[in-house]
Every structure is written in structure tokens, then in C-alpha cells.
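> Provided herewith is a single structure, encoded as C-alpha cells, for subsequent inquiry.
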Amino acid sequence: HTSKDLDKISRFLSYVLRHKPESIGITLDSNGWVRIDVLIRQAKKHRMYLSQDLITEIVRTNDKKRFTLSEDNLKIRAAQGHSTNQVNIAYIEKIPPEHLYHGTATHFLDSIFQQGLIAGKRHYVHISCDEKTAVTVGKRHGKPIVLRINALAMYQQGFKFYLADNGVWLTNNVPSQFLEVI
Ligand code: HQG
């Protein structure tokens, strides 16, 4: 498969596994999992032709490790990024490092410093463990800017942090006093 094909399928999987499973008539369990045979069957009805091998290749080669296979290889889920209400993943709580990073665009800054970082349509605020990744995330929205989050201080004040399967950190919201422009 060409990287263009894989990219197209990755986008399709992101859409159905994070946002709109009902668009192809699948249901995710509360931890986000769906059986791969069911996914393949339903995708085919929408002219998206998947196979177990293709799915394995995408999970393995995906640049951001967006998808996770269950241990028995029978199920798949998106690691993070959900907006669908079908899913409420029981992420494992973790103690964060002193600093974490959030990449955003300059035009959001005023609003962010007024309201803090909020999850918006997704279930959590998405946070990177290094500045370089945060710049890439920010570029998706405009002129990128990186905010440093005093994550350990937040944690010590009772905020919870979670680490997704793919290394993305998650939290419910970040009040602006824990943010610094770097
Ligand atoms: C901003 C990608 C105004 C926030 C990435 C962000 C990530 C505010 C945007 C994952 C705000 C939401 C998530 C406030 C936050 N006022 N703007 N109070 N609080 N924002 O796409 O973090 O390629 O939902 O800064 O790599 O950009 O999809 O979140 O700019 O891991 O796999 O609101 O998505 O991964 O944008 O990215 P998004 P995100 P994938």
C-alpha cells in the first residue's frame, strides 16, 4: 500500500473510532474498543475496504500511534482524541513530570489566558511531553506557539493527569496560572 492509501484509511479510522462510529453503524464499548471483524464488515458497506493485515500495518506504521490493538488482536481503538459520547476510557492516572507542553496557535492565546485550556469538543486537553511535538500540534491551527504547563504543581493541587497508550498526556482543563508562554 502507498502511504497515501494508508493516510486515507488512518483518517477514516480516526473519524469512526474517535468521533462518529454511528456513521458506519458500529458501536464502541466504553473503553473505545470495537471488534475488527465488525469494523471490516461495516466499513465495506461504506466502500472502505479494510483487512486484518491492512489494519495491523496501519497500527504499526502510524506516525502518532493513533490506534491500539487489544492483546488478543481481535479489537482496535483510538488511543486518544475522542469526542463521541459512546466512549469514556478508563485511563490510568499518572504523576506528571514537572513540565509538560501544549502546542497551540497565537490567535487562541487571549482566550486561553482568560479561560485556561479547555477540552472543547474532545474529552480532554491534549498535552505533549516535549516542545518539538507541541510545535507540530500547534501548526495545525495557525502560527504555532508553545505553552509550558506546570504539571507537577497542578498535580500537587489535586488535578489529575492521564497518559494515553501513545504517550499523549491528558487532563480535564488547565487554569491559566499554570501556563507560561515559552
Ligand atoms: C485550543 C492531534 C481558545 C487548543 C494532536 C487547541 C493532539 C483554546 C484547540 C490532538 C482554549 C483545540 C489534540 C481556550 C484550548 N480558548 N482556544 N480557552 N483552550 N484551546 O485539535 O490539542 O493528529 O481539539 O490550544 O497531535 O490541537 O488528531 O486539540 O489549539 O494530540 O491524532 O483549542 O490531536 O492528533 O484543537 O490536538 P484540537 P489539539 P491527531
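Residues in the C-alpha cells are numbered from 1 in each chain, the chains being A, B, ... in the order shown, and ligands are numbered from 1 in the order shown.
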Please provide the set of residues having any atom within 12 Å of Glu57 of chain A, restricted to only C-alpha atoms, with same-chain residues fewer than 2 positions apart removed, written as number ranges by chain.
A: 1-3, 5-7, 9-10, 50-55, 59-63, 65, 67-69
> Throw together the list of residues within 6 Å of ligand 1, counting only C-alpha atoms and all ligand atoms, and drop it here as a list in words.
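Sorted by chain and then by number, the residues are Arg66, Gly81, Thr104, Ala105, Phe108, Ser111, Ile112, Gln115, Gly116, Leu117, Ile118, Arg122, His126, Val137 and His141 of chain A.
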> Running DSSP on the backbone, which parts of segment 7-175 of chain A land in alpha helix (DSSP H), as a ChimeraX atom specification?
/A:7-14,36-45,52-61,109-115,131-139,151-156
> Go ahead and write the residues just picked, C-alpha atoms, as a short mmCIF file (atom, residue, chain, number, x, y, z; two decimals), in the first residue's frame.

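Okay, selection35.cif is ready:
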data_model
loop_
_atom_site.label_atom_id
_atom_site.label_comp_id
_atom_site.auth_asym_id
_atom_site.auth_seq_id
_atom_site.Cartn_x
_atom_site.Cartn_y
_atom_site.Cartn_z
CA ASP A 7 -3.15 8.00 5.29
CA LYS A 8 -6.65 7.93 3.85
CA ILE A 9 -7.54 4.85 5.89
CA SER A 10 -5.96 6.33 9.01
CA ARG A 11 -8.18 9.39 8.64
CA PHE A 12 -11.22 7.16 8.18
CA LEU A 13 -10.33 5.18 11.30
CA SER A 14 -9.77 8.37 13.31
CA ILE A 36 -12.02 -5.74 13.96
CA ASP A 37 -14.24 -8.20 12.04
CA VAL A 38 -17.25 -5.97 12.73
CA LEU A 39 -15.30 -2.87 11.69
CA ILE A 40 -14.19 -4.52 8.41
CA ARG A 41 -17.75 -5.67 7.64
CA GLN A 42 -19.32 -2.28 8.31
CA ALA A 43 -16.57 -0.29 6.55
CA LYS A 44 -17.10 -2.41 3.42
CA LYS A 45 -20.74 -1.30 3.29
CA GLN A 52 -6.83 -7.60 9.18
CA ASP A 53 -3.38 -7.21 7.54
CA LEU A 54 -4.06 -3.65 6.45
CA ILE A 55 -5.26 -2.70 9.91
CA THR A 56 -2.20 -4.29 11.51
CA GLU A 57 0.03 -2.32 9.11
CA ILE A 58 -1.68 0.95 9.95
CA VAL A 59 -1.50 0.38 13.69
CA ARG A 60 2.21 -0.46 13.37
CA THR A 61 3.27 2.32 10.98
CA LEU A 109 -3.77 32.96 23.27
CA ASP A 110 -6.04 35.73 24.61
CA SER A 111 -8.90 33.31 25.06
CA ILE A 112 -6.61 30.67 26.63
CA PHE A 113 -5.27 33.15 29.18
CA GLN A 114 -8.83 34.19 30.02
CA GLN A 115 -10.36 30.71 30.35
CA GLU A 131 8.35 21.12 22.94
CA LYS A 132 9.07 19.75 19.48
CA THR A 133 5.88 17.67 19.41
CA ALA A 134 3.93 20.65 20.76
CA VAL A 135 5.12 22.86 17.87
CA THR A 136 3.82 20.27 15.38
CA VAL A 137 0.46 20.12 17.16
CA GLY A 138 0.21 23.94 17.21
CA LYS A 139 0.96 24.24 13.49
CA ALA A 151 2.08 19.99 35.52
CA LEU A 152 3.57 18.74 38.77
CA ALA A 153 2.31 21.82 40.63
CA MET A 154 -1.16 21.18 39.20
CA TYR A 155 -0.99 17.56 40.26
CA GLN A 156 0.06 18.57 43.77
#
> Would you please extract all strand (DSSP E or B) residues from segment 75-164 of chain A, as assigned by DSSP on the backbone, and give them as an MDAnalysis selection string?
chainID A and resid 75:78 93 99:105 117:118 125:128 144:150 162:163
> Mind dumping the selected residues with N, CA and C atoms as a tab-separated table (two decimals), in the first residue's frame?

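Here's the written file again-v7.tsv:
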chain	number	residue	atom	x	y	z
A	75	LYS	N	-9.51	-6.73	18.67
A	75	LYS	CA	-10.20	-5.43	18.78
A	75	LYS	C	-9.22	-4.28	18.53
A	76	ILE	N	-9.79	-3.14	18.17
A	76	ILE	CA	-8.98	-1.94	17.92
A	76	ILE	C	-9.67	-0.75	18.59
A	77	ARG	N	-8.85	0.25	19.02
A	77	ARG	CA	-9.43	1.51	19.50
A	77	ARG	C	-8.48	2.66	19.14
A	78	ALA	N	-8.99	3.88	19.17
A	78	ALA	CA	-8.14	5.05	19.09
A	78	ALA	C	-7.55	5.28	20.47
A	93	GLU	N	-4.27	6.88	35.79
A	93	GLU	CA	-3.75	8.15	36.31
A	93	GLU	C	-2.25	8.05	36.51
A	99	HIS	N	7.24	19.66	34.05
A	99	HIS	CA	6.68	20.46	32.96
A	99	HIS	C	6.14	19.58	31.84
A	100	LEU	N	5.02	20.01	31.26
A	100	LEU	CA	4.52	19.42	30.03
A	100	LEU	C	4.25	20.58	29.08
A	101	TYR	N	3.93	20.29	27.81
A	101	TYR	CA	3.85	21.35	26.80
A	101	TYR	C	2.55	21.23	26.01
A	102	HIS	N	1.96	22.37	25.72
A	102	HIS	CA	0.76	22.39	24.88
A	102	HIS	C	1.03	23.29	23.68
A	103	GLY	N	0.91	22.72	22.51
A	103	GLY	CA	1.09	23.49	21.29
A	103	GLY	C	-0.24	24.03	20.83
A	104	THR	N	-0.26	25.33	20.54
A	104	THR	CA	-1.49	25.94	20.05
A	104	THR	C	-1.11	27.01	19.04
A	105	ALA	N	-2.09	27.84	18.65
A	105	ALA	CA	-1.80	28.90	17.68
A	105	ALA	C	-1.96	30.25	18.38
A	117	LEU	N	-6.85	26.40	29.50
A	117	LEU	CA	-7.01	25.43	28.40
A	117	LEU	C	-8.24	24.59	28.70
A	118	ILE	N	-9.12	24.50	27.72
A	118	ILE	CA	-10.33	23.69	27.88
A	118	ILE	C	-10.37	22.62	26.79
A	125	VAL	N	-8.03	17.93	27.46
A	125	VAL	CA	-6.98	18.77	26.88
A	125	VAL	C	-5.82	17.83	26.55
A	126	HIS	N	-5.28	17.95	25.32
A	126	HIS	CA	-4.18	17.09	24.88
A	126	HIS	C	-2.86	17.80	25.08
A	127	ILE	N	-1.92	17.10	25.69
A	127	ILE	CA	-0.67	17.71	26.11
A	127	ILE	C	0.51	16.84	25.65
A	128	SER	N	1.59	17.53	25.24
A	128	SER	CA	2.76	16.81	24.74
A	128	SER	C	3.84	16.77	25.81
A	144	PRO	N	2.27	28.62	15.17
A	144	PRO	CA	2.36	27.84	16.41
A	144	PRO	C	3.01	28.60	17.56
A	145	ILE	N	2.55	28.29	18.76
A	145	ILE	CA	3.18	28.80	19.97
A	145	ILE	C	3.07	27.71	21.03
A	146	VAL	N	4.10	27.62	21.85
A	146	VAL	CA	4.12	26.54	22.84
A	146	VAL	C	3.92	27.12	24.24
A	147	LEU	N	3.00	26.51	24.97
A	147	LEU	CA	2.77	26.89	26.36
A	147	LEU	C	3.40	25.82	27.25
A	148	ARG	N	4.14	26.28	28.26
A	148	ARG	CA	4.67	25.33	29.23
A	148	ARG	C	3.68	25.23	30.39
A	149	ILE	N	3.37	24.00	30.75
A	149	ILE	CA	2.40	23.74	31.82
A	149	ILE	C	3.14	23.29	33.06
A	150	ASN	N	2.87	23.94	34.18
A	150	ASN	CA	3.45	23.50	35.45
A	150	ASN	C	2.65	22.31	35.97
A	162	TYR	N	-3.47	11.88	32.99
A	162	TYR	CA	-3.54	10.52	32.44
A	162	TYR	C	-2.59	10.44	31.26
A	163	LEU	N	-2.04	9.25	31.03
A	163	LEU	CA	-1.15	9.02	29.90
A	163	LEU	C	-1.81	8.02	28.96
> Write out as JSON lines the residues of segment 86-175 of chain A that have any atom within 12 Å of an atom of segment 17-28 of chain A, one row each with the nearest atom pair and its distance in Å to one decimal, counting only C-alpha atoms, sorted by chain and then rising number.

{"residue": "A:Gln86", "atom": "CA", "partner": "A:Leu28", "partner_atom": "CA", "distance": 6.3}
{"residue": "A:Val87", "atom": "CA", "partner": "A:Leu28", "partner_atom": "CA", "distance": 6.8}
{"residue": "A:Asn88", "atom": "CA", "partner": "A:Leu28", "partner_atom": "CA", "distance": 10.1}
{"residue": "A:Ile89", "atom": "CA", "partner": "A:Leu28", "partner_atom": "CA", "distance": 10.7}
{"residue": "A:Lys121", "atom": "CA", "partner": "A:His19", "partner_atom": "CA", "distance": 9.6}
{"residue": "A:Arg122", "atom": "CA", "partner": "A:His19", "partner_atom": "CA", "distance": 8.9}
{"residue": "A:His123", "atom": "CA", "partner": "A:Arg18", "partner_atom": "CA", "distance": 10.2}
> To one decimal in Å, tell me the separation between atom CA of Asn173 of chain A and atom CA of Pro96 of chain A.
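Rounded to one decimal, the two atoms are 14.4 Å apart.
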> I'd like the interatomic distance between atom CA of Ala90 of chain A and atom CA of Leu179 of chain A, to a tenth of an Å.
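Atom CA of Leu179 of chain A lies at a distance of 26.5 Å from atom CA of Ala90 of chain A.
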> Suppose you want the space between atom CA of Ser83 of chain A and atom CA of Asn172 of chain A; what is it in Å?
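So the two atoms, atom CA of Ser83 of chain A and atom CA of Asn172 of chain A, lie 13.3 Å apart.
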